[in-house]
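Asker: Got upload-v7.txt for you, compact mmCIF, C-alpha atoms and all ligand atoms:
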```
# COMPACT_ATOMS: atom_id res chain seq x y z
CA MET H 843 0.00 0.00 0.00
CA ALA H 844 1.21 3.49 -0.84
CA ASN H 845 2.62 5.46 2.07
CA THR H 846 1.63 9.00 1.15
CA GLY H 847 3.40 10.49 4.16
CA SER H 848 6.82 9.17 3.22
CA SER H 849 6.34 9.69 -0.52
CA SER H 850 5.50 13.35 0.00
CA THR H 851 8.66 13.84 2.09
CA SER H 852 10.58 12.07 -0.65
CA ILE H 853 9.11 14.49 -3.22
CA GLY H 854 10.08 17.33 -0.88
CA ARG H 855 13.64 16.02 -0.71
CA LYS H 856 13.84 15.73 -4.49
CA LEU H 857 12.53 19.28 -4.84
CA ILE H 858 15.16 20.63 -2.44
CA MET H 859 17.80 18.66 -4.34
CA ALA H 860 16.61 20.04 -7.69
CA ALA H 861 16.21 23.64 -6.51
CA SER H 862 19.62 23.73 -4.80
CA GLY H 863 21.18 21.99 -7.83
CA LEU H 864 19.72 24.53 -10.26
CA PHE H 865 20.90 27.35 -8.00
CA LEU H 866 24.43 25.89 -8.04
CA VAL H 867 24.26 25.61 -11.84
CA ILE H 868 23.56 29.37 -12.02
CA PHE H 869 26.53 29.99 -9.73
CA LEU H 870 28.65 27.71 -11.92
CA LEU H 871 27.75 29.66 -15.05
CA GLN H 872 28.68 33.04 -13.55
CA HIS H 873 31.82 31.51 -12.02
CA PHE H 874 32.79 30.16 -15.42
CA LEU H 875 32.13 33.45 -17.23
CA ILE H 876 34.17 35.44 -14.69
CA ASN H 877 37.06 32.99 -14.73
CA PHE H 878 36.98 32.86 -18.51
CA THR H 879 37.87 36.57 -18.59
CA SER H 880 41.23 35.53 -17.09
CA VAL H 881 42.23 33.95 -20.43
CA ILE H 882 41.11 37.02 -22.39
CA ASP H 883 42.26 40.05 -20.43
CA GLU H 884 44.20 40.25 -17.16
CA LYS H 885 42.92 43.75 -16.29
CA THR H 886 39.25 42.83 -16.73
CA PHE H 887 39.68 39.70 -14.61
CA ASN H 888 41.36 41.70 -11.84
CA GLU H 889 38.65 44.36 -11.90
CA ILE H 890 35.79 41.85 -11.70
CA SER H 891 37.55 39.83 -8.98
CA HIS H 892 38.21 42.97 -6.96
CA PHE H 893 34.58 43.99 -7.25
CA MET H 894 33.36 40.51 -6.21
CA GLY H 895 35.87 40.34 -3.37
CA THR H 896 35.00 43.73 -1.86
CA ASN H 897 31.27 44.18 -2.57
CA VAL H 898 29.35 43.97 0.71
CA LEU H 899 26.27 42.34 -0.83
CA ILE H 900 28.35 39.63 -2.52
CA GLN H 901 30.60 39.00 0.47
CA PHE H 902 28.02 39.00 3.25
CA VAL H 903 24.76 37.99 1.56
CA MET H 904 25.49 36.03 -1.64
CA GLN H 905 28.55 34.15 -0.34
CA PRO H 906 26.78 32.73 2.75
CA ILE H 907 23.74 31.81 0.58
CA LEU H 908 26.08 30.04 -1.86
CA ILE H 909 27.82 28.10 0.89
CA ALA H 910 24.44 27.16 2.39
CA GLY H 911 23.33 25.99 -1.08
CA VAL H 912 26.41 23.77 -1.41
CA ILE H 913 25.88 22.26 2.06
CA ILE H 914 22.14 21.66 1.52
CA HIS H 915 22.77 20.00 -1.86
CA PHE H 916 25.43 17.64 -0.53
CA VAL H 917 23.68 16.74 2.74
CA MET H 918 20.37 16.12 0.94
CA GLY H 919 22.19 14.11 -1.74
CA PHE H 920 23.65 11.77 0.86
CA ILE H 921 20.26 11.37 2.59
CA LEU H 922 18.54 10.64 -0.73
CA GLU H 923 21.20 8.10 -1.66
CA MET H 924 20.85 6.30 1.68
CA LYS H 925 17.05 6.14 1.34
CA ASN H 926 17.29 4.96 -2.28
CA THR H 927 19.80 2.24 -1.42
CA LYS H 928 17.49 0.99 1.32
CA ALA H 929 14.47 1.01 -1.00
CA ARG H 930 16.41 -0.75 -3.79
CA ASN H 931 17.57 -3.51 -1.47
CA VAL H 932 14.03 -4.19 -0.29
CA LYS H 933 11.94 -3.81 -3.42
CA TYR H 934 14.09 -4.29 -6.44
CA ALA H 935 16.51 -7.00 -5.47
CA MET H 936 15.79 -8.75 -8.75
CA ASN H 937 16.16 -5.70 -10.98
CA LYS H 938 19.06 -5.27 -13.34
CA PRO H 939 19.85 -1.56 -12.89
CA SER H 940 22.05 -1.27 -15.98
CA ALA H 941 19.05 -2.22 -18.12
CA ASN H 942 16.87 0.72 -17.14
CA SER H 943 19.11 3.55 -15.92
CA SER H 944 22.26 5.28 -17.06
CA TRP H 945 25.68 4.91 -15.44
CA MET H 946 25.53 8.61 -14.60
CA SER H 947 22.20 8.40 -12.80
CA ARG H 948 23.36 5.40 -10.74
CA ASN H 949 26.64 7.04 -9.73
CA MET H 950 25.53 10.55 -8.76
CA ILE H 951 26.71 9.94 -5.20
CA TYR H 952 30.26 9.03 -6.36
CA THR H 953 30.59 11.84 -8.90
CA GLY H 954 29.14 14.16 -6.23
CA ALA H 955 31.67 12.94 -3.64
CA VAL H 956 34.56 13.67 -6.02
CA ILE H 957 33.19 17.19 -6.63
CA LEU H 958 32.96 17.66 -2.84
CA GLY H 959 36.60 16.57 -2.54
CA PHE H 960 37.53 18.95 -5.34
CA LEU H 961 35.72 21.79 -3.54
CA GLY H 962 37.76 21.10 -0.40
CA LEU H 963 40.98 21.51 -2.40
CA HIS H 964 39.60 24.46 -4.34
CA PHE H 965 38.60 26.31 -1.16
CA TYR H 966 42.06 25.63 0.27
CA ASP H 967 43.62 27.03 -2.94
CA PHE H 968 41.55 30.17 -3.46
CA TRP H 969 38.95 30.89 -0.83
CA VAL H 970 40.90 30.30 2.41
CA PRO H 971 43.85 32.60 1.43
CA GLU H 972 41.38 35.38 0.51
CA ILE H 973 39.44 35.03 3.79
CA ASP H 974 42.73 34.91 5.69
CA LEU H 975 44.10 38.03 4.00
CA LYS H 976 40.95 40.14 4.23
CA TYR H 977 39.22 39.04 7.41
CA VAL H 978 41.92 37.42 9.59
CA GLN H 979 44.95 39.60 8.83
CA GLY H 980 42.70 42.57 8.01
CA LEU H 981 44.80 43.57 4.98
CA GLU H 982 43.47 45.07 1.78
CA GLY H 983 45.84 43.40 -0.66
CA SER H 984 46.67 44.76 -4.09
CA PRO H 985 43.64 45.06 -6.40
CA THR H 986 45.77 43.57 -9.18
CA ARG H 987 46.83 40.44 -7.25
CA TYR H 988 44.06 38.11 -8.46
CA PHE H 989 45.43 37.20 -11.89
CA HIS H 990 48.91 36.29 -10.65
CA GLU H 991 47.50 34.29 -7.75
CA LEU H 992 45.32 32.35 -10.17
CA GLN H 993 48.24 31.64 -12.52
CA HIS H 994 50.40 30.58 -9.60
CA ARG H 995 47.78 27.98 -8.53
CA PHE H 996 48.03 26.29 -11.93
CA GLU H 997 51.81 25.88 -11.93
CA ASP H 998 51.79 22.40 -10.43
CA PRO H 999 50.91 19.73 -13.07
CA VAL H 1000 49.50 17.39 -10.40
CA ARG H 1001 47.12 20.11 -9.23
CA VAL H 1002 46.05 20.77 -12.83
CA ALA H 1003 45.46 17.03 -13.39
CA ILE H 1004 43.32 16.76 -10.22
CA TYR H 1005 41.31 19.79 -11.31
CA CYS H 1006 40.78 18.42 -14.85
CA VAL H 1007 39.70 14.95 -13.66
CA SER H 1008 37.26 16.65 -11.27
CA PHE H 1009 35.83 18.70 -14.15
CA VAL H 1010 35.20 15.50 -16.15
CA LEU H 1011 33.28 14.07 -13.17
CA LEU H 1012 31.45 17.38 -12.84
CA ALA H 1013 30.36 16.93 -16.48
CA LEU H 1014 29.03 13.44 -15.74
CA HIS H 1015 27.24 14.71 -12.62
CA LEU H 1016 25.61 17.58 -14.52
CA MET H 1017 24.75 15.35 -17.48
CA HIS H 1018 22.22 13.48 -15.35
CA GLY H 1019 21.49 16.06 -12.63
CA PHE H 1020 20.55 18.97 -14.85
CA GLY H 1021 17.89 17.04 -16.77
CA ALA H 1022 16.54 15.27 -13.68
CA ALA H 1023 16.14 18.60 -11.87
CA PHE H 1024 13.72 19.95 -14.48
CA GLN H 1025 11.56 16.87 -13.99
CA SER H 1026 11.67 17.22 -10.20
CA VAL H 1027 10.60 20.86 -10.24
CA GLY H 1028 7.54 19.78 -12.23
CA VAL H 1029 8.18 20.53 -15.90
CA THR H 1030 5.67 18.12 -17.45
CA ASN H 1031 5.22 19.55 -20.95
CA LYS H 1032 7.09 17.02 -23.09
CA ARG H 1033 8.36 19.56 -25.60
CA TYR H 1034 9.73 21.91 -22.94
CA LEU H 1035 11.21 19.04 -20.99
CA THR H 1036 13.01 17.62 -24.03
CA GLY H 1037 14.30 21.11 -24.93
CA LEU H 1038 15.51 21.83 -21.39
CA GLN H 1039 17.16 18.41 -21.15
CA LYS H 1040 18.99 19.03 -24.42
CA PHE H 1041 20.14 22.39 -23.11
CA GLY H 1042 21.24 20.66 -19.87
CA LYS H 1043 23.38 18.16 -21.82
CA ILE H 1044 25.06 20.93 -23.82
CA PHE H 1045 25.73 22.90 -20.61
CA ALA H 1046 27.10 19.76 -18.93
CA ILE H 1047 29.70 19.41 -21.69
CA VAL H 1048 30.55 23.03 -22.55
CA VAL H 1049 31.04 24.46 -19.05
CA PRO H 1050 33.32 21.73 -17.61
CA LEU H 1051 35.29 21.68 -20.89
CA GLY H 1052 35.64 25.44 -20.53
CA PHE H 1053 36.99 25.01 -16.97
CA ILE H 1054 39.51 22.45 -18.30
CA PHE H 1055 40.55 24.96 -20.95
CA ILE H 1056 41.07 27.69 -18.31
CA ALA H 1057 43.19 25.39 -16.11
CA LEU H 1058 45.34 24.19 -19.04
CA PHE H 1059 45.67 27.71 -20.45
CA HIS H 1060 47.16 29.04 -17.22
CA HIS H 1061 49.35 25.99 -16.76
CA LEU H 1062 50.81 26.41 -20.23
CA ASN H 1063 51.17 30.20 -20.01
CA GLN H 1064 53.28 30.53 -16.88
C1 LIG P 1 39.52 26.42 -13.80
C2 LIG P 1 38.46 26.41 -13.03
C3 LIG P 1 38.20 27.32 -11.86
C4 LIG P 1 38.87 28.46 -11.48
C5 LIG P 1 40.04 29.15 -12.16
C6 LIG P 1 38.23 28.94 -10.28
C7 LIG P 1 38.62 30.08 -9.57
C8 LIG P 1 38.12 30.47 -8.36
C9 LIG P 1 38.60 31.61 -7.60
C10 LIG P 1 39.68 32.57 -8.05
C11 LIG P 1 37.88 31.66 -6.44
C12 LIG P 1 38.07 32.64 -5.29
C13 LIG P 1 37.00 33.65 -5.20
C14 LIG P 1 37.22 34.49 -3.98
O1 LIG P 1 38.08 35.35 -4.05
O2 LIG P 1 36.57 34.26 -2.96
C15 LIG P 1 36.95 30.54 -6.47
C16 LIG P 1 36.02 30.26 -5.48
C17 LIG P 1 35.07 29.26 -5.58
N1 LIG P 1 34.94 28.32 -6.57
FE1 LIG P 1 36.05 28.24 -8.24
N2 LIG P 1 37.21 28.09 -9.95
C18 LIG P 1 37.15 27.07 -10.89
C19 LIG P 1 36.25 26.02 -10.92
C20 LIG P 1 35.24 25.80 -10.01
C21 LIG P 1 34.25 24.75 -10.08
C22 LIG P 1 34.15 23.72 -11.19
C23 LIG P 1 33.44 24.88 -8.99
C24 LIG P 1 32.25 24.06 -8.56
C25 LIG P 1 32.10 22.78 -8.83
C26 LIG P 1 33.92 26.01 -8.22
C27 LIG P 1 33.39 26.46 -7.04
C28 LIG P 1 33.85 27.52 -6.29
C29 LIG P 1 33.24 27.96 -5.06
C30 LIG P 1 31.99 27.35 -4.40
C31 LIG P 1 34.02 29.06 -4.60
C32 LIG P 1 33.79 29.90 -3.37
C33 LIG P 1 32.99 31.07 -3.83
C34 LIG P 1 33.05 32.18 -2.87
O3 LIG P 1 32.28 32.13 -1.95
O4 LIG P 1 33.85 33.08 -3.10
N3 LIG P 1 35.01 26.55 -8.87
N4 LIG P 1 37.11 29.85 -7.64
```
Can you turn what I pasted into C-alpha cells?
Answerer:
Amino acid sequence: MANTGSSSTSIGRKLIMAASGLFLVIFLLQHFLINFTSVIDEKTFNEISHFMGTNVLIQFVMQPILIAGVIIHFVMGFILEMKNTKARNVKYAMNKPSANSSWMSRNMIYTGAVILGFLGLHFYDFWVPEIDLKYVQGLEGSPTRYFHELQHRFEDPVRVAIYCVSFVLLALHLMHGFGAAFQSVGVTNKRYLTGLQKFGKIFAIVVPLGFIFIALFHHLNQ
C-alpha cells in the first residue's frame, strides 16, 4: 500500500535537491564566465575579482547563501542516496539496474563525492587565502593580485590534473542532474522538458570543458 506520508517527504527532498542543484548551476555559469575573462584580459579579470571580493552584498549575503546551497545540496544528496539504497535492497533485489538507468544516474553519489573533494581543495587554494588576508589579517591586498594568484595555482601539473579529472566528473554529474532537476521541479510539458534536457546536456559538456581549458591555459602560459 502506498505510504503518502513518506512519498510526500521524498518528493520534498527531491525538490530541495533540484532547486539547490539549479541554484548551483547558475553559480557555476557566472563563475565560469568570470574565470573565462582571465584567459582574455588580465585587467578585466582583476577588476571583476576585486569587485566581487569587496562588494558587501556579494561577500556578506550572496557568499553565505552560496555556501548554504552547497551544504544543503550535498547533505540532501547523501540522505537521498541512503534512502534509495534501502528502497532498492528491499523492493528491487531482482532488478538489473544497468538495463533501465544510465551509469551517470546510478553514480551521482560518487561523482558528487569527487566534486565535494575537489571543492575542499579548491577552497584551500583560493577561498581560504582570501578570507585569511581580508578578514583574519585585516589587509586590503593589491587590487591587481588576483590574476597572478590564479596563474600561480596552476603551476603544479598534479594540481592541474586533479582539477581536470574533477571537471570531467562534474560533467558526468551535470549530465544526469541537470535534466533530472527539471523533472523534479515539475516541468511536465514534453516539448519543454526535451528542450531543457537538451540544453542541460550541452551545458554539462561546454562548461566543464571550458573550466579544463582555463586550467590548461594558465598551466601552459606561466
Ligand atoms: C579552472 C576552473 C576554476 C577556477 C580558475 C576557479 C577560480 C576560483 C577563484 C579565483 C575563487 C576565489 C573567489 C574568492 O576570491 O573568494 C573561487 C572560489 C570558488 N569556486 Fe572556483 N574556480 C574554478 C572552478 C570551479 C568549479 C568547477 C566549482 C564548482 C564545482 C567552483 C566552485 C567555487 C566555489 C563554491 C568558490 C567559493 C565562492 C566564494 O564564496 O567566493 N570553482 N574559484
Asker: Could you pull out the residues sitting within 9 Å of ligand LIG 1 (chain P), using only C-alpha atoms and all ligand atoms, and write them as an MDAnalysis selection string?
Answerer: chainID H and resid 866:867 869:870 873:874 876:878 880 891:892 894:895 900:901 904:909 912 957:958 960:961 964:965 967:973 988:989 991:993 995:996 1002 1005:1006 1008:1009 1012 1049:1050 1052:1058 1060
Asker: Within 12 Å of (24.8, 21.5, -22.1), all atoms listed in the file: residues as a list in words?
Answerer: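 In the file's frame, the residues around the point are Val867, Leu871, Ala1013, Leu1014, His1015, Leu1016, Met1017, His1018, Gly1019, Phe1020, Gly1021, Gly1037, Leu1038, Gln1039, Lys1040, Phe1041, Gly1042, Lys1043, Ile1044, Phe1045, Ala1046, Ile1047, Val1048, Val1049, Pro1050, Leu1051 and Gly1052 of chain H.
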Asker: Grab the residues selected above and save them as a PDB file, in the frame of the given file with C-alpha atoms.
Answerer:
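Result file is part26.pdb:
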```
ATOM      1  CA  VAL H 867      24.260  25.610 -11.840  1.00  0.00           C
ATOM      2  CA  LEU H 871      27.750  29.660 -15.050  1.00  0.00           C
ATOM      3  CA  ALA H1013      30.360  16.930 -16.480  1.00  0.00           C
ATOM      4  CA  LEU H1014      29.030  13.440 -15.740  1.00  0.00           C
ATOM      5  CA  HIS H1015      27.240  14.710 -12.620  1.00  0.00           C
ATOM      6  CA  LEU H1016      25.610  17.580 -14.520  1.00  0.00           C
ATOM      7  CA  MET H1017      24.750  15.350 -17.480  1.00  0.00           C
ATOM      8  CA  HIS H1018      22.220  13.480 -15.350  1.00  0.00           C
ATOM      9  CA  GLY H1019      21.490  16.060 -12.630  1.00  0.00           C
ATOM     10  CA  PHE H1020      20.550  18.970 -14.850  1.00  0.00           C
ATOM     11  CA  GLY H1021      17.890  17.040 -16.770  1.00  0.00           C
ATOM     12  CA  GLY H1037      14.300  21.110 -24.930  1.00  0.00           C
ATOM     13  CA  LEU H1038      15.510  21.830 -21.390  1.00  0.00           C
ATOM     14  CA  GLN H1039      17.160  18.410 -21.150  1.00  0.00           C
ATOM     15  CA  LYS H1040      18.990  19.030 -24.420  1.00  0.00           C
ATOM     16  CA  PHE H1041      20.140  22.390 -23.110  1.00  0.00           C
ATOM     17  CA  GLY H1042      21.240  20.660 -19.870  1.00  0.00           C
ATOM     18  CA  LYS H1043      23.380  18.160 -21.820  1.00  0.00           C
ATOM     19  CA  ILE H1044      25.060  20.930 -23.820  1.00  0.00           C
ATOM     20  CA  PHE H1045      25.730  22.900 -20.610  1.00  0.00           C
ATOM     21  CA  ALA H1046      27.100  19.760 -18.930  1.00  0.00           C
ATOM     22  CA  ILE H1047      29.700  19.410 -21.690  1.00  0.00           C
ATOM     23  CA  VAL H1048      30.550  23.030 -22.550  1.00  0.00           C
ATOM     24  CA  VAL H1049      31.040  24.460 -19.050  1.00  0.00           C
ATOM     25  CA  PRO H1050      33.320  21.730 -17.610  1.00  0.00           C
ATOM     26  CA  LEU H1051      35.290  21.680 -20.890  1.00  0.00           C
ATOM     27  CA  GLY H1052      35.640  25.440 -20.530  1.00  0.00           C
TER      28      GLY H1052
END
```
Asker: What does the structure give for the distance between atom CA of Leu922 of chain H and atom CA of Arg855 of chain H, in Å to one decimal?
Answerer: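 Going from atom CA of Leu922 of chain H over to atom CA of Arg855 of chain H covers 7.3 Å.
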Asker: If I take atom CA of Asp974 of chain H and atom CA of Val898 of chain H, how far is one from the other in Å, to one decimal?
Answerer: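 It comes out at 16.9 Å.
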Asker: To box segment 1002-1005 of chain H, take all atoms listed in the file, fit an axis-aligned box, add 5 Å on each side, and give centre and edge lengths in Å to one decimal, as AutoDock Vina command-line options.
Answerer:
```
--center_x 43.7 --center_y 18.8 --center_z -11.8 --size_x 14.7 --size_y 14.0 --size_z 13.2
```
Asker: So how far away is atom CA of Ala910 of chain H from atom CA of Val956 of chain H, in Å?
Answerer: 18.8 Å
Asker: Which residue gives the smallest distance to Gly863 of chain H among H:Asn897, H:Ile951, H:Ala1023, H:Ile913, with only C-alpha atoms counted?
Answerer: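 Answer, going by the shortest atom-to-atom distance: H:Ala1023.
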Asker: Which residues come within 12 Å of Phe920 of chain H, counting only C-alpha atoms, excluding same-chain residues fewer than 6 positions away, as number ranges by chain?
Answerer: H: 855-856, 859, 913-914, 926-927, 949-955, 958
Asker: Would you list the contacts of Leu1035 of chain H as a PDB file with C-alpha atoms, in the coordinates of the input, taking every protein, DNA or RNA residue within 10 Å and counting all atoms listed in the file, but skipping same-chain residues closer than 6 positions in sequence?
Answerer:
```
ATOM      1  CA  GLY H1021      17.890  17.040 -16.770  1.00  0.00           C
ATOM      2  CA  ALA H1022      16.540  15.270 -13.680  1.00  0.00           C
ATOM      3  CA  PHE H1024      13.720  19.950 -14.480  1.00  0.00           C
ATOM      4  CA  GLN H1025      11.560  16.870 -13.990  1.00  0.00           C
ATOM      5  CA  GLY H1028       7.540  19.780 -12.230  1.00  0.00           C
ATOM      6  CA  VAL H1029       8.180  20.530 -15.900  1.00  0.00           C
ATOM      7  CA  PHE H1041      20.140  22.390 -23.110  1.00  0.00           C
TER       8      PHE H1041
END
```
Asker: Using all atoms listed in the file, can you tell me which of H:Asn931, H:Asn1031, H:Thr886, H:Ser1026 comes closest to Ser862 of chain H?
Answerer: H:Ser1026
Asker: My list of candidates is H:Ser984, H:Thr1036, H:Gln1064, H:Thr879. Which is closest to Pro999 of chain H when distances are computed with only C-alpha atoms?
Answerer: H:Gln1064
